[in-house]
Amino acid sequence: MKRRTFIQWSTLAAASPVRAQGAPPTRPIPSTGEAIQRVGLGTWITFNVGQDPPARARCAQVMRAFFDAGGRLIDSSPMYGSAQGVIGEGLRAAAALQRVFSADKVWTSSDGAAQVEASRGHWQLPRFDLLQVHNLLAWEKQLPLLQRMKERGQLRYVGITTSEGRRHREFEQLMRGHALDFVQFTYNLLDREAEERLLPLAADRGIAVLVNRPFQEGALLRRLQRHPLPAWAAEIECTSWAQFALKFVISHPAVTCAIPATRRVDHVRENMAAARGRMPDEALRRRMASHVAGL
């Protein structure tokens, strides 16, 4: 996406109100134009519940609520313990195998193909929609593997990930030098380093952006909940700090989808509701960030 196009789209996206009814708002995946909902579901920590039947059942309930609210994209990794198997059970329980946009990762320095096949078995899917090199581990080996799999029709999209601001310089080099459909990194009201280079570069290169840690694994919300939600949050139809924080992230015109993790049905419904209603324009985004920084 060229810079002028990006600016024009940014202005339009920020200025246009989103209806509170109907299907959840979407953003296009730049490499194909496919629409994807602006809030997805992460599974780091929250879905790593082992073999505990009640805990696994609660995760399935979260997934059902997510799909009922119009969600599609679920993100996981072999790094996340039992999460992949829990997702597989939840997809069957929710009869959602045809609805999910499956995003997983390769996280190994050895046989990536074998790990992908094991992950696919846990999810019980014929193929993944998106596979990402997790935290750039052995990317020199695994990224070509994923590109070959895409060429053979064994997956649909290829990406790379990082988190907590790590290895941004190397990440940027890969974004410039490789054909990527998706990138995933951390971005939230306090961790805003991505605004400087990664988000503009993703827009320029036509790469979809998944945002991890929009709540800093809950630390941001625990900090914010000591303070009252500002009255002017009603201008963008926020009823909670979680929605305030999510709207800040997904209103950035280069962000395709945020992937907050939760193990609670009420929280997933609250998160999905954040994608609806009015979004902040650039002036209000600055006000939101300044307000939070001053608390």
# chains A, B, ... in the order shown; residues from 1 in each chain; ligands from 1
$ residues_around --residues "A:Ala219" --least-positions-apart "5" --cutoff "12 Å" --atoms "only C-alpha atoms" --output "ChimeraX atom specification"
/A:188-191,213-214,224-226,242,245
$ select_by_dssp --residues "stretch 135-192 of chain A" --states "strand (DSSP E or B)" --output "list in words"
Leu155, Arg156, Tyr157, Val158, Gly159, Ile160, Thr161, Phe182, Val183, Gln184, Phe185 and Thr186 of chain A
$ write_last_selection --atoms "N, CA and C atoms" --output "PDB file, in the first residue's frame"
ATOM      1  N   LEU A 155      -1.175 -24.296   3.142  1.00  0.00           N
ATOM      2  CA  LEU A 155      -1.621 -23.217   4.018  1.00  0.00           C
ATOM      3  C   LEU A 155      -1.910 -22.010   3.148  1.00  0.00           C
ATOM      4  N   ARG A 156      -2.575 -21.020   3.727  1.00  0.00           N
ATOM      5  CA  ARG A 156      -3.032 -19.889   2.923  1.00  0.00           C
ATOM      6  C   ARG A 156      -2.177 -18.639   3.080  1.00  0.00           C
ATOM      7  N   TYR A 157      -1.657 -18.413   4.284  1.00  0.00           N
ATOM      8  CA  TYR A 157      -0.907 -17.190   4.558  1.00  0.00           C
ATOM      9  C   TYR A 157       0.343 -17.516   5.383  1.00  0.00           C
ATOM     10  N   VAL A 158       1.363 -16.669   5.214  1.00  0.00           N
ATOM     11  CA  VAL A 158       2.649 -16.834   5.900  1.00  0.00           C
ATOM     12  C   VAL A 158       2.965 -15.566   6.680  1.00  0.00           C
ATOM     13  N   GLY A 159       3.526 -15.741   7.888  1.00  0.00           N
ATOM     14  CA  GLY A 159       3.880 -14.572   8.683  1.00  0.00           C
ATOM     15  C   GLY A 159       5.032 -14.830   9.633  1.00  0.00           C
ATOM     16  N   ILE A 160       5.377 -13.799  10.384  1.00  0.00           N
ATOM     17  CA  ILE A 160       6.401 -13.867  11.424  1.00  0.00           C
ATOM     18  C   ILE A 160       5.869 -13.147  12.660  1.00  0.00           C
ATOM     19  N   THR A 161       6.421 -13.474  13.828  1.00  0.00           N
ATOM     20  CA  THR A 161       5.953 -12.852  15.060  1.00  0.00           C
ATOM     21  C   THR A 161       7.115 -12.429  15.953  1.00  0.00           C
ATOM     22  N   PHE A 182       1.391 -11.679   6.791  1.00  0.00           N
ATOM     23  CA  PHE A 182       1.066 -11.209   8.133  1.00  0.00           C
ATOM     24  C   PHE A 182       2.338 -10.962   8.931  1.00  0.00           C
ATOM     25  N   VAL A 183       2.261 -10.003   9.840  1.00  0.00           N
ATOM     26  CA  VAL A 183       3.234  -9.861  10.924  1.00  0.00           C
ATOM     27  C   VAL A 183       2.442  -9.743  12.221  1.00  0.00           C
ATOM     28  N   GLN A 184       3.079 -10.156  13.304  1.00  0.00           N
ATOM     29  CA  GLN A 184       2.443 -10.062  14.624  1.00  0.00           C
ATOM     30  C   GLN A 184       3.447  -9.498  15.614  1.00  0.00           C
ATOM     31  N   PHE A 185       3.012  -8.485  16.356  1.00  0.00           N
ATOM     32  CA  PHE A 185       3.873  -7.881  17.367  1.00  0.00           C
ATOM     33  C   PHE A 185       3.017  -7.197  18.416  1.00  0.00           C
ATOM     34  N   THR A 186       3.690  -6.690  19.452  1.00  0.00           N
ATOM     35  CA  THR A 186       3.010  -6.062  20.581  1.00  0.00           C
ATOM     36  C   THR A 186       2.710  -4.599  20.289  1.00  0.00           C
TER      37      THR A 186
END
$ closest_residue --among "A:Ala57, A:Ala114, A:Ala258, A:Leu73" --to "A:Phe215" --atoms "only C-alpha atoms"
A:Ala258
$ residues_around --residues "A:Val62" --least-positions-apart "5" --cutoff "8 Å" --atoms "only C-alpha atoms" --output "PyMOL selection string"
chain A and resi 262-265+268
$ write_last_selection --atoms "N, CA and C atoms" --output "PDB file, in the first residue's frame"
ATOM      1  N   THR A 262      -8.341 -14.585  26.833  1.00  0.00           N
ATOM      2  CA  THR A 262      -9.179 -14.596  28.022  1.00  0.00           C
ATOM      3  C   THR A 262      -9.686 -15.998  28.273  1.00  0.00           C
ATOM      4  N   ARG A 263     -10.039 -16.284  29.502  1.00  0.00           N
ATOM      5  CA  ARG A 263     -10.685 -17.556  29.833  1.00  0.00           C
ATOM      6  C   ARG A 263     -12.110 -17.335  30.338  1.00  0.00           C
ATOM      7  N   ARG A 264     -12.640 -16.098  30.158  1.00  0.00           N
ATOM      8  CA  ARG A 264     -13.975 -15.767  30.653  1.00  0.00           C
ATOM      9  C   ARG A 264     -14.906 -15.371  29.515  1.00  0.00           C
ATOM     10  N   VAL A 265     -16.123 -15.940  29.556  1.00  0.00           N
ATOM     11  CA  VAL A 265     -17.122 -15.657  28.531  1.00  0.00           C
ATOM     12  C   VAL A 265     -17.509 -14.186  28.533  1.00  0.00           C
ATOM     13  N   VAL A 268     -14.807 -12.180  26.768  1.00  0.00           N
ATOM     14  CA  VAL A 268     -14.736 -12.300  25.307  1.00  0.00           C
ATOM     15  C   VAL A 268     -15.879 -11.519  24.666  1.00  0.00           C
TER      16      VAL A 268
END
$ closest_residue --among "A:Gly177, A:Gly294, A:Gly81, A:Gly71" --to "A:Leu41" --atoms "only C-alpha atoms"
A:Gly71
$ residues_around --residues "A:Gly33" --least-positions-apart "5" --cutoff "12 Å" --atoms "only C-alpha atoms" --output "list in words"
Thr26, Arg27, Pro28, Asp181, Gly206, Ile207, Ala208 and Thr256 of chain A
$ write_last_selection --atoms "C-alpha atoms" --output "compact mmCIF listing (two decimals), in the first residue's frame"
# COMPACT_ATOMS: atom_id res chain seq x y z
CA THR A 26 -13.81 -6.21 9.38
CA ARG A 27 -10.51 -5.16 7.87
CA PRO A 28 -9.10 -6.53 4.60
CA ASP A 181 1.14 -11.86 4.38
CA GLY A 206 0.75 -4.32 2.25
CA ILE A 207 1.17 -6.69 5.20
CA ALA A 208 -1.62 -7.56 7.62
CA THR A 256 -5.81 -5.73 10.96
$ select_by_dssp --residues "stretch 105-205 of chain A" --states "alpha helix (DSSP H)" --output "count of residues only"
43
$ closest_atom_pairs --of "stretch 114-147 of chain A" --to "stretch 97-110 of chain A" --cutoff "7 Å" --atoms "only C-alpha atoms" --output "JSON lines"
{"residue": "A:Gln115", "atom": "CA", "partner": "A:Val106", "partner_atom": "CA", "distance": 6.9}
{"residue": "A:Val116", "atom": "CA", "partner": "A:Val106", "partner_atom": "CA", "distance": 6.6}
{"residue": "A:Phe128", "atom": "CA", "partner": "A:Ser102", "partner_atom": "CA", "distance": 5.5}
{"residue": "A:Asp129", "atom": "CA", "partner": "A:Ser102", "partner_atom": "CA", "distance": 5.1}
{"residue": "A:Leu130", "atom": "CA", "partner": "A:Ala103", "partner_atom": "CA", "distance": 4.6}
{"residue": "A:Leu131", "atom": "CA", "partner": "A:Lys105", "partner_atom": "CA", "distance": 5.0}
{"residue": "A:Gln132", "atom": "CA", "partner": "A:Lys105", "partner_atom": "CA", "distance": 4.5}
{"residue": "A:Val133", "atom": "CA", "partner": "A:Val106", "partner_atom": "CA", "distance": 5.1}
{"residue": "A:His134", "atom": "CA", "partner": "A:Trp107", "partner_atom": "CA", "distance": 5.3}
{"residue": "A:Leu137", "atom": "CA", "partner": "A:Trp107", "partner_atom": "CA", "distance": 6.3}
{"residue": "A:Ala138", "atom": "CA", "partner": "A:Ser109", "partner_atom": "CA", "distance": 5.2}
$ atom_distance --atom1 "atom CA of A:Glu270" --atom2 "atom CA of A:Asp68"
12.7 Å
$ residues_around --residues "A:Glu193" --least-positions-apart "2" --cutoff "12 Å" --atoms "only C-alpha atoms" --output "ChimeraX atom specification"
/A:163-169,185-191,195-200
$ closest_residue --among "A:Phe47, A:Arg269, A:Glu170, A:Leu201" --to "A:Arg64" --atoms "only C-alpha atoms"
A:Arg269
$ closest_residue --among "A:Thr239, A:Asn271, A:Gln147, A:Gln61" --to "A:Ile259" --atoms "only C-alpha atoms"
A:Asn271
$ closest_residue --among "A:Pro230, A:Pro260, A:Pro144, A:Pro280" --to "A:Phe248" --atoms "only C-alpha atoms"
A:Pro280
$ atom_distance --atom1 "atom CA of A:Ser76" --atom2 "atom CA of A:Glu217"
15.0 Å
$ atom_distance --atom1 "atom CA of A:Cys238" --atom2 "atom CA of A:Ala96"
29.1 Å
